[in-house]
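> File input10.txt follows (compact mmCIF, C-alpha atoms):
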```txt
# COMPACT_ATOMS: atom_id res chain seq x y z
CA MET A 9 0.00 0.00 0.00
CA THR A 10 1.33 3.34 -1.02
CA ASP A 11 0.26 6.79 -2.09
CA GLU A 12 2.96 6.83 -4.77
CA GLY A 13 1.95 7.59 -8.34
CA MET A 14 1.46 5.01 -11.07
CA GLU A 15 4.91 5.74 -12.48
CA GLU A 16 6.28 4.19 -9.27
CA THR A 17 3.66 1.54 -8.54
CA GLU A 18 3.27 -0.01 -11.99
CA PRO A 19 6.92 -1.15 -12.25
CA ALA A 20 6.88 -2.25 -8.60
CA VAL A 21 3.73 -4.36 -9.05
CA ALA A 22 5.02 -5.90 -12.29
CA ALA A 23 8.31 -6.81 -10.58
CA MET A 24 6.48 -8.28 -7.58
CA LEU A 25 4.16 -10.38 -9.77
CA ASP A 26 7.15 -11.70 -11.70
CA ALA A 27 9.31 -12.39 -8.63
CA ASP A 28 6.46 -14.19 -6.87
CA GLU A 29 5.65 -16.22 -10.01
CA VAL A 30 2.01 -15.12 -9.99
CA HIS A 31 -0.07 -16.75 -12.73
CA GLU A 32 -3.18 -14.55 -12.49
CA ALA A 33 -3.63 -11.02 -11.18
CA THR A 34 -6.90 -9.11 -10.99
CA VAL A 35 -7.00 -5.31 -10.92
CA GLU A 36 -10.08 -3.21 -10.19
CA SER A 37 -10.73 -1.19 -13.33
CA ASN A 38 -12.54 1.74 -11.72
CA ASN A 39 -10.70 5.10 -11.62
CA GLY A 40 -7.89 4.32 -14.03
CA GLY A 41 -7.36 0.72 -13.02
CA ARG A 42 -7.87 -0.61 -16.54
CA GLY A 43 -4.88 1.42 -17.78
CA PHE A 44 -2.93 0.32 -14.70
CA ALA A 45 -3.66 -3.33 -15.55
CA ARG A 46 -2.62 -2.87 -19.20
CA ASN A 47 0.62 -1.17 -18.15
CA ILE A 48 1.42 -3.94 -15.67
CA GLU A 49 0.91 -6.54 -18.37
CA ARG A 50 3.10 -4.55 -20.79
CA LEU A 51 5.86 -4.17 -18.17
CA LEU A 52 5.70 -7.87 -17.33
CA LYS A 53 6.34 -8.74 -20.99
CA GLU A 54 8.81 -5.98 -21.88
CA LYS A 55 10.92 -5.72 -18.72
CA HIS A 56 10.59 -9.20 -17.27
CA GLY A 57 9.96 -11.39 -20.32
CA ASN A 58 6.96 -12.75 -18.42
CA LYS A 59 4.12 -14.08 -20.55
CA ARG A 60 2.75 -16.55 -18.00
CA CYS A 61 1.03 -14.01 -15.73
CA VAL A 62 -2.47 -13.17 -16.94
CA VAL A 63 -3.58 -9.71 -15.86
CA LYS A 64 -7.35 -9.29 -15.65
CA TRP A 65 -9.41 -6.28 -14.77
CA VAL A 66 -12.76 -6.18 -13.06
CA ALA A 67 -15.27 -3.34 -12.91
CA GLN A 68 -16.66 -2.98 -9.40
CA ILE A 69 -20.21 -1.62 -9.51
CA GLN A 70 -21.50 -2.56 -6.07
CA ASN A 71 -21.58 -0.24 -3.06
CA LYS A 72 -18.18 -0.38 -1.33
CA GLU A 73 -19.47 0.06 2.22
CA ALA A 74 -22.09 -2.66 1.77
CA ARG A 75 -19.48 -5.01 0.30
CA ILE A 76 -17.11 -4.41 3.20
CA LEU A 77 -19.78 -4.94 5.84
CA THR A 78 -21.19 -8.03 4.11
CA SER A 79 -17.77 -9.67 3.93
CA SER A 80 -16.52 -8.72 7.40
CA ALA A 81 -17.68 -11.86 9.26
CA TRP A 82 -16.12 -14.18 6.67
CA VAL A 83 -12.89 -12.16 6.62
CA SER A 84 -12.68 -12.30 10.43
CA ARG A 85 -12.98 -16.09 10.39
CA HIS A 86 -10.86 -16.94 7.35
CA VAL A 87 -8.14 -14.33 6.86
CA PHE A 88 -5.09 -14.66 9.07
CA MET A 89 -2.44 -11.99 9.30
CA PRO A 90 1.25 -12.71 9.81
CA HIS A 91 2.98 -12.33 13.15
CA ASN A 92 3.74 -8.64 13.90
CA TRP A 93 1.60 -7.47 10.97
CA LYS A 94 0.75 -4.36 12.99
CA TYR A 95 4.40 -3.31 12.65
CA LYS A 96 5.19 -4.82 9.24
CA TYR A 97 2.18 -3.22 7.53
CA PRO A 98 1.17 -0.28 9.73
CA GLU A 99 -1.02 1.52 7.17
CA PHE A 100 -2.93 -1.65 6.29
CA TYR A 101 -3.36 -2.36 10.01
CA ARG A 102 -4.58 1.17 10.71
CA GLN A 103 -7.12 1.15 7.89
CA LEU A 104 -8.45 -2.24 8.85
CA THR A 105 -8.71 -1.68 12.58
CA SER A 106 -10.09 1.85 12.36
CA TYR A 107 -12.81 1.21 9.77
CA GLN A 108 -16.13 2.59 10.98
CA LYS A 109 -19.47 1.04 10.09
CA LYS A 110 -21.08 4.47 10.19
CA GLY A 111 -19.34 7.63 9.15
CA LYS A 112 -16.70 8.61 6.67
CA ASN A 113 -13.64 6.45 6.26
CA LYS A 114 -10.99 8.53 4.54
CA HIS A 115 -8.90 5.46 3.67
CA ASP A 116 -10.56 2.11 3.08
CA ASP A 117 -8.29 0.26 0.67
CA ALA A 118 -7.45 -2.46 3.23
CA PRO A 119 -11.04 -3.51 4.00
CA ASP A 120 -11.95 -3.05 0.32
CA VAL A 121 -9.32 -5.51 -0.90
CA LEU A 122 -10.34 -8.07 1.73
CA ALA A 123 -13.97 -7.69 0.60
CA ALA A 124 -12.84 -8.34 -2.98
CA ILE A 125 -11.00 -11.50 -1.88
CA TYR A 126 -14.15 -12.68 -0.10
CA GLU A 127 -16.24 -12.08 -3.24
CA ARG A 128 -13.86 -14.10 -5.41
CA VAL A 129 -13.66 -16.99 -2.92
CA ALA A 130 -17.35 -17.06 -2.01
CA ASN A 131 -18.59 -16.68 -5.61
CA PRO A 132 -15.98 -18.16 -7.95
CA GLN A 133 -18.45 -18.72 -10.81
CA LYS A 134 -20.24 -15.37 -10.50
CA THR A 135 -20.36 -13.61 -13.86
CA GLU A 136 -21.10 -10.17 -12.42
CA PHE A 137 -17.38 -9.62 -11.84
CA ARG A 138 -17.10 -8.49 -15.48
CA VAL A 139 -13.63 -9.94 -15.77
CA ARG A 140 -11.84 -9.41 -19.04
CA SER A 141 -8.68 -11.35 -19.83
CA ALA A 142 -5.84 -9.14 -20.92
```
Starting from the file, lay out its structure as structure tokens.


Amino acid sequence: MTDEGMEETEPAVAAMLDADEVHEATVESNNGGRGFARNIERLLKEKHGNKRCVVKWVAQIQNKEARILTSSAWVSRHVFMPHNWKYKYPEFYRQLTSYQKKGKNKHDDAPDVLAAIYERVANPQKTEFRVRSA
């Protein structure tokens, strides 16, 4: 998690996907994510010679707050964080532990990504994800 611009994050994500030998990556296409996904795929091929990682994008059209609240019980039971995650990933920890059911949450990327994981695991055949293979 970072507030860095895409010129920093695109190469970093492509390098991470290659180093970790990821075979499929899904990027939310809202707010410029489709271009982000295309650039990651391009960087994987051009800079890393990686053609095995399939980069997909998904348009998220459901209400974010409702998705987060709906998934929270499953996430609490099934997602385990590493030892000392509070210190290893302080921003992720802060966003997750300070999320408010009611009120404005300035930063909600951490609970949002966990809600997305829940949706993919709980509904693997669901066609509403609008996934497009790159």

> As an exercise, work out the distance from atom CA of Lys72 of chain A to atom CA of Lys96 of chain A in Å and give it to one decimal place.

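Interatomic distance, atom CA of Lys72 of chain A to atom CA of Lys96 of chain A: 26.0 Å.
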
> Which residue, A:Val129, A:Tyr107, A:Lys112, A:Val30, has the smallest gap to Arg60 of chain A when you use all atoms listed in the file?

A:Val30

> Could you check how far atom CA of Gly13 of chain A sits from atom CA of Asp28 of chain A, in Å to one decimal?

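It comes out at 22.3 Å.
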
> With all atoms listed in the file as the basis for distance, which of A:Ala81, A:Ile48, A:Ala123, A:Ile69 is at the shortest distance from Leu25 of chain A?

A:Ile48

> Determine, counting all atoms listed in the file, which protein, DNA and RNA residues have an atom within 9 Å of an atom of segment 116-122 of chain A; residues of the same chain fewer than 2 positions away are not included. Present the result as a list in words.

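The contact residues come out as Met9, Lys72, Glu73, Arg75, Ile76, Ser79, Ser80, Val83, Val87, Glu99, Phe100, Tyr101, Arg102, Gln103, Leu104, Tyr107, Asn113, Lys114, Ala124, Ile125, Tyr126 and Glu127 of chain A.
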
> What lies within 9 Å of Val62 of chain A using only C-alpha atoms, ignoring chain neighbours under 2 positions off, as a PyMOL selection string?

chain A and resi 30-34+49+59-60+64+141-142

> If I take atom CA of His56 of chain A and atom CA of Asp11 of chain A, how far is one from the other in Å, to one decimal?

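Those two atoms sit 24.3 Å apart.
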
> Please define a box with edges along x, y and z of the file around all atoms of segment 62-81 of chain A given in the file, extend it by 3 Å on each side, and return its centre and edge lengths in Å to one decimal, as lines of an AutoDock Vina configuration file.


```
center_x = -12.3
center_y = -6.6
center_z = -3.8
size_x = 25.6
size_y = 19.2
size_z = 32.2
```

> From (8.5, -16.0, -17.3), in the file's coordinates, out to 9 Å: which residues are reached, counting all atoms listed in the file? Answer as JSON, numbers by chain.

{"A": [26, 29, 52, 53, 56, 57, 58, 59, 60, 61]}

> Rank A:Asn38, A:Thr78, A:Ser84, A:Asn71 by their smallest atom-to-atom distance to Thr105 of chain A, using all atoms listed in the file, and report the top residue only.

A:Ser84

> Counting all atoms listed in the file, which residue out of A:His115, A:Tyr95, A:Ala22, A:Gln108 sits closest to Glu54 of chain A?

A:Ala22
